[in-house]
Structure formats: structure tokens, C-alpha cells
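Next comes upload-v4.cif, a file with mmCIF, C-alpha atoms.
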```cif
data_my_file
loop_
_atom_site.label_atom_id
_atom_site.label_comp_id
_atom_site.auth_asym_id
_atom_site.auth_seq_id
_atom_site.Cartn_x
_atom_site.Cartn_y
_atom_site.Cartn_z
CA MET A 1 62.09 94.99 49.27
CA LEU A 2 64.69 94.15 46.64
CA GLU A 3 66.90 92.70 49.37
CA ILE A 4 64.19 90.27 50.46
CA ILE A 5 63.68 89.10 46.86
CA ILE A 6 67.45 88.58 46.43
CA VAL A 7 67.73 86.65 49.70
CA PHE A 8 64.76 84.37 48.92
CA THR A 9 65.97 83.78 45.35
CA LEU A 10 69.48 82.84 46.49
CA ALA A 11 68.09 80.65 49.25
CA GLY A 12 65.69 78.94 46.84
CA ILE A 13 68.38 78.26 44.23
CA ALA A 14 70.75 76.93 46.90
CA PHE A 15 67.98 74.69 48.27
CA LEU A 16 67.12 73.34 44.79
CA PHE A 17 70.76 72.62 43.96
CA MET A 18 71.14 70.90 47.32
CA LEU A 19 68.06 68.71 46.72
CA TYR A 20 69.25 67.89 43.21
CA ALA A 21 72.71 66.96 44.46
CA ILE A 22 71.30 64.78 47.25
CA PHE A 23 68.94 63.11 44.81
CA MET A 24 71.74 62.36 42.32
CA LEU A 25 74.27 61.23 44.94
CA ILE A 26 72.06 59.13 47.21
CA ILE A 27 69.21 57.89 45.09
CA ARG A 28 70.84 57.65 41.63
CA LYS A 29 74.27 56.82 43.06
CA ARG A 30 76.04 59.02 40.62
CA ILE A 31 79.27 60.38 42.00
CA SER A 32 79.78 62.72 39.08
CA PHE A 33 76.94 64.94 40.31
CA LYS A 34 78.94 66.40 43.15
CA TYR A 35 79.02 69.74 41.33
CA PRO A 36 75.42 70.67 42.17
CA PHE A 37 76.33 70.05 45.80
CA LEU A 38 79.34 72.38 45.49
CA ILE A 39 77.21 74.98 43.73
CA SER A 40 74.63 74.86 46.52
CA MET A 41 77.41 75.25 49.12
CA ILE A 42 78.81 78.25 47.26
CA LEU A 43 75.33 79.78 47.08
CA CYS A 44 74.88 79.26 50.84
CA ILE A 45 78.22 80.99 51.47
CA VAL A 46 77.19 83.88 49.17
CA LEU A 47 73.86 84.08 51.01
CA ALA A 48 75.66 84.23 54.38
CA CYS A 49 78.04 86.90 53.09
CA PHE A 50 75.11 88.90 51.77
CA GLY A 51 73.40 88.68 55.18
CA VAL A 52 76.53 89.81 56.98
CA PHE A 53 77.03 92.64 54.49
CA ARG A 54 73.44 93.75 54.94
CA ALA A 55 73.72 93.69 58.74
CA ILE A 56 76.91 95.75 58.61
CA THR A 57 75.42 98.34 56.25
CA LYS A 58 72.29 98.70 58.41
CA THR A 59 74.43 99.14 61.53
CA TYR A 60 76.63 101.64 59.74
CA SER A 61 73.68 103.69 58.50
CA LYS A 62 72.18 103.65 61.99
CA ILE A 63 75.45 104.89 63.45
CA VAL A 64 75.75 107.59 60.79
CA ASN A 65 72.12 108.73 61.05
CA GLU A 66 71.65 108.45 64.79
CA GLY A 67 75.31 108.68 65.74
CA ASP A 68 75.45 112.43 65.29
CA GLU A 69 72.85 112.90 67.99
CA LEU A 70 74.54 110.31 70.18
CA PHE A 71 77.91 111.96 69.57
CA VAL A 72 76.53 115.40 70.45
CA LYS A 73 74.94 114.06 73.64
CA GLY A 74 78.14 112.22 74.55
CA ALA A 75 80.28 115.27 73.86
CA ALA A 76 77.93 117.46 75.90
CA LYS A 77 78.09 115.05 78.84
CA THR A 78 81.87 114.79 78.53
CA GLY A 79 82.12 118.58 78.43
CA GLU A 80 79.91 118.87 81.49
CA ILE A 81 81.99 116.36 83.46
CA THR A 82 85.25 117.97 82.30
CA GLY A 83 83.93 121.41 83.23
CA LYS A 84 82.97 120.25 86.72
CA THR A 85 86.34 118.57 87.20
CA VAL A 86 88.32 121.58 85.99
CA THR A 87 86.22 123.91 88.13
CA ALA A 88 86.74 121.74 91.21
CA PHE A 89 90.47 121.48 90.48
CA GLY A 90 90.75 125.22 89.91
CA LYS A 91 88.88 126.00 93.13
CA SER A 92 91.09 123.57 95.05
CA ALA A 93 94.23 125.05 93.53
CA TYR A 94 93.03 128.58 94.33
CA ASP A 95 92.10 127.59 97.89
CA GLY A 96 95.48 125.92 98.31
CA ALA A 97 97.47 128.81 96.83
CA GLY A 98 95.90 131.51 98.93
CA LYS A 99 94.47 129.64 101.86
CA VAL A 100 92.94 131.58 104.70
CA LEU A 101 94.16 129.92 107.84
CA ARG A 102 91.52 129.00 110.33
CA ASN A 103 94.14 128.20 112.92
CA LYS A 104 94.38 129.51 116.40
CA THR A 105 96.09 132.91 116.46
CA VAL A 106 97.59 134.29 119.65
CA LEU A 107 98.51 137.99 119.73
CA SER A 108 100.86 138.93 122.56
CA PRO A 109 99.51 141.40 125.16
CA GLN A 110 102.62 143.60 124.67
CA LEU A 111 101.73 144.19 120.98
CA GLN A 112 98.09 144.83 121.88
CA LYS A 113 99.23 147.52 124.33
CA LYS A 114 101.40 149.07 121.58
CA GLY A 115 98.33 149.39 119.30
CA ILE A 116 98.56 146.29 117.07
CA GLU A 117 95.65 144.02 116.08
CA ALA A 118 95.80 141.04 113.74
CA GLY A 119 93.24 140.48 111.00
CA LYS A 120 93.13 137.87 108.28
CA ILE A 121 96.12 135.55 107.87
CA VAL A 122 96.64 134.00 104.42
CA LEU A 123 98.99 131.10 103.68
CA GLU A 124 100.88 131.35 100.38
CA GLY A 125 102.68 128.14 99.53
CA ASN A 126 103.80 126.22 102.59
CA ASN A 127 106.12 128.76 104.16
CA VAL A 128 104.83 132.32 103.56
CA LEU A 129 102.20 134.00 105.71
CA GLN A 130 100.45 137.22 104.73
CA VAL A 131 99.32 138.85 107.98
CA TYR A 132 96.81 141.70 107.94
CA VAL A 133 97.98 144.12 110.64
CA ILE A 134 95.67 146.83 111.99
CA PHE A 135 97.27 149.82 113.73
CA THR A 136 95.18 151.23 116.60
CA ASP A 137 98.15 153.43 117.56
CA ASP A 138 101.36 154.57 115.88
CA PHE A 139 103.85 151.70 115.76
CA LYS A 140 107.39 151.21 114.53
CA GLY A 141 109.31 148.06 115.34
CA ASP A 142 109.90 144.37 114.82
CA MET A 143 107.09 141.83 114.76
CA MET A 144 107.88 138.14 115.14
CA ILE A 145 105.60 135.30 114.04
CA ARG A 146 106.11 131.85 115.57
CA VAL A 147 104.26 128.80 114.28
CA LYS A 148 103.65 125.66 116.31
CA ASP A 149 102.18 122.44 114.93
CA ILE A 150 99.33 120.35 116.36
CA ASN A 151 101.75 118.79 118.88
CA ASN A 152 102.65 122.29 120.13
CA GLU A 153 106.17 122.00 118.71
CA GLU A 154 107.61 125.09 117.09
CA ILE A 155 108.13 124.57 113.37
CA GLY A 156 109.22 128.04 112.30
CA ARG A 157 109.64 131.72 113.10
CA SER A 158 110.01 134.88 111.07
CA THR A 159 110.69 138.49 112.07
CA LYS A 160 109.88 141.62 110.08
CA PHE A 161 110.20 145.35 110.71
CA ILE A 162 106.82 147.04 110.35
CA GLU A 163 105.54 150.54 110.87
CA GLY A 164 102.21 152.26 110.60
CA LYS A 165 100.16 155.17 111.84
CA ILE A 166 96.95 155.04 113.82
CA GLY A 167 93.98 153.99 111.66
CA GLN A 168 96.11 152.30 108.98
CA ALA A 169 96.06 148.62 108.09
CA ASN A 170 98.10 146.57 105.66
CA TYR A 171 99.24 143.06 104.76
CA PHE A 172 102.79 142.14 105.73
CA SER A 173 104.57 139.12 104.29
CA PHE A 174 106.43 136.79 106.67
CA THR A 175 108.67 134.24 104.94
CA PHE A 176 109.76 131.15 106.85
CA ASN A 177 112.48 128.60 106.14
CA GLN A 178 111.65 126.46 103.11
CA LEU A 179 111.41 123.37 105.33
CA THR A 180 108.61 125.00 107.33
CA ASP A 181 105.30 123.36 106.43
CA ILE A 182 102.47 125.41 107.92
CA GLN A 183 99.29 123.35 108.11
CA ASP A 184 95.66 123.91 109.09
CA GLN A 185 96.12 122.65 112.63
CA SER A 186 98.93 125.09 113.48
CA THR A 187 98.92 127.79 116.16
CA ILE A 188 100.28 131.18 115.15
CA PHE A 189 101.88 133.33 117.84
CA ILE A 190 102.37 137.03 117.04
CA ASP A 191 104.98 138.68 119.33
#
```
Encoded form (C-alpha cells):
Amino acid sequence: MLEIIIVFTLAGIAFLFMLYAIFMLIIRKRISFKYPFLISMILCIVLACFGVFRAITKTYSKIVNEGDELFVKGAAKTGEITGKTVTAFGKSAYDGAGKVLRNKTVLSPQLQKKGIEAGKIVLEGNNVLQVYVIFTDDFKGDMMIRVKDINNEEIGRSTKFIEGKIGQANYFSFTFNQLTDIQDQSTIFID
């Protein structure tokens, strides 16, 4: 309420000084009365500054009073979005680091006759395959993995000595040349 009284008082005084200055300059033709005009201009400037100050303080108090709630809501939303992004990134990184290949796998008939079955094949990096080998009979010998790309061109091969007894199963790591880039569309031949 005090603000309204101050604003109306300043506006009234500025208006009166302006009328007095106009009256003295135009009607009385006295040039020496330019000071009331200057005083009214100064009062108008003070009034404008007071209005700007008041608008800024109201905006500031609104930000301070309601800003906490807005800040909390904004931070919660930012946290939610960040959490979703990090979760998606983490899942993608995990899927990429230990990717289960859904490629075509061809197990040679000779190995099948010797009691070998292939289970899950996991890609680690771009050039390491973890092959789950199931022994349906005792086996001791070399196993070779060949990988062909979507164009049926061989892109890498790796050989490893494995052994196991009937009923056992285990993962065996096959490391390929570093230039080998095994992708989802590859065909894996187990010989």
C-alpha cells in the first residue's frame, strides 16, 4: 500500500511541476522558469526508476519464493532424463561388450560325430569369441573357428586345443587377428 502512495505522490508532484513550468514558459513567457520543468523531468525519471526497481524486486521475490519448487521440479526432471540416458548407455555398452551373437552357426559333422555340440557364442570386443562347448563324448583335440561376413568372405580364423569328458561343458576363448571385425551378420563355422 505504501508503494502505491509513493508512486501517486511522485506522479502528482511531477505533474504539478510540469503544469507550472508549462504555464510559466508558454503563458507568462518567462524563460527563467525552466527549473520547474527540469524538476518535473527529474521526478519522472525517479518515478520510472522506482517502477523498474519495484518490478525487479517483485520478480526476484517470486523467483526466490517459487523458484525453489521450480528448481526442485527441474532438478528432478533433469535427474530422470539423465538416469534414463545413463541406463540406456550402460545397457548398450553391456550389450556391446558381451554380445550374444545371433548369427548363423555351422558345426561340422566330423565334430558332431566326435561328441561336440556348440552352445551360446558370446562376442567380446570385435575379435574374441567365447564359445560354449558341450561334450557328448570324451574329446581331446584342436577346434578351429572360421568367420565369414555377410558376403560369405572369410574374415578370420582361430584354432584352439580343447579337451573334455562326456557330460562336461565349458566356455573356450577364441582370439582372432586384431583386424578381424566380427559383426551380427557373420556366419561362424566350427571345424
message = With the PyMOL selection byres ((chain A and resi 180) around 9) as the selection, what would be picked from this file? Answer as a list in words, please.
response =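 With the PyMOL selection byres ((chain A and resi 180) around 9) on this model, the match is Asn126, Asn127, Ile155, Gly156, Arg157, Phe176, Asn177, Gln178, Leu179, Asp181 and Ile182 of chain A.
Distance annotation: of A:Phe189, A:Tyr132, A:Phe15, A:Phe8, the residue with the minimal separation from Pro109 of chain A is A:Phe189; atom set is all atoms listed in the file.
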Enumerate, as a PDB file with C-alpha atoms, in the frame of the given file, the protein, DNA and RNA residues whose atoms approach (94.8, 124.1, 117.9) to within 10 Å, taking into account only C-alpha atoms and the coordinate frame of the file.
```pdb
ATOM      1  CA  ARG A 102      91.520 129.000 110.330  1.00  0.00           C
ATOM      2  CA  ASN A 103      94.140 128.200 112.920  1.00  0.00           C
ATOM      3  CA  LYS A 104      94.380 129.510 116.400  1.00  0.00           C
ATOM      4  CA  THR A 105      96.090 132.910 116.460  1.00  0.00           C
ATOM      5  CA  LYS A 148     103.650 125.660 116.310  1.00  0.00           C
ATOM      6  CA  ASP A 149     102.180 122.440 114.930  1.00  0.00           C
ATOM      7  CA  ILE A 150      99.330 120.350 116.360  1.00  0.00           C
ATOM      8  CA  ASN A 151     101.750 118.790 118.880  1.00  0.00           C
ATOM      9  CA  ASN A 152     102.650 122.290 120.130  1.00  0.00           C
ATOM     10  CA  ASP A 184      95.660 123.910 109.090  1.00  0.00           C
ATOM     11  CA  GLN A 185      96.120 122.650 112.630  1.00  0.00           C
ATOM     12  CA  SER A 186      98.930 125.090 113.480  1.00  0.00           C
ATOM     13  CA  THR A 187      98.920 127.790 116.160  1.00  0.00           C
ATOM     14  CA  ILE A 188     100.280 131.180 115.150  1.00  0.00           C
TER      15      ILE A 188
END
```
What separates atom CA of Gln110 of chain A and atom CA of Gly125 of chain A is a distance of 29.5 Å
Check your understanding: Lys165 of chain A: which residues within 8 Å, counting only C-alpha atoms, same-chain residues fewer than 4 positions away excluded, as number ranges by chain?
Key -> A: 135-139
If you count all atoms listed in the file, the residue of A:Ser158, A:Gly51, A:Val147, A:Gly164 closest to Ile134 of chain A turns out to be A:Gly164
* Asked: From the set A:Ile6, A:Ala118, A:Leu25, A:Gln130, which residue has the shortest atom-to-atom contact distance to Ile190 of chain A, counting only C-alpha atoms?
  ->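 Of the candidates, the smallest distance to Ile190 of chain A is held by A:Ala118.
We find atom CA of Val128 of chain A and atom CA of Phe174 of chain A to be spaced 5.7 Å apart.
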Report task. Could you tell me how far atom CA of Glu117 of chain A lies from atom CA of Gly141 of chain A, in Å and to one decimal? Result ->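 Between atom CA of Glu117 of chain A and atom CA of Gly141 of chain A the gap is 14.3 Å.
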Exercise for review: Scan for residues within 6 Å of the point (109.3, 148.0, 111.6) in the coordinates of the file, using only C-alpha atoms, and reply as a ChimeraX atom specification.
Suggested key: /A:140-142,161-163
Note to self: Starting from the PyMOL selection byres ((chain A and resi 3) around 12), expand the selection into actual residues of this file and give them as number ranges by chain.
What the structure shows: A: 1-2, 4-10, 47, 50-51, 53-55
Shortest contact to Gly115 of chain A, candidates A:Ile81, A:Ile166, A:Leu129, A:Ala48, atoms counted only C-alpha atoms, goes to A:Ile166
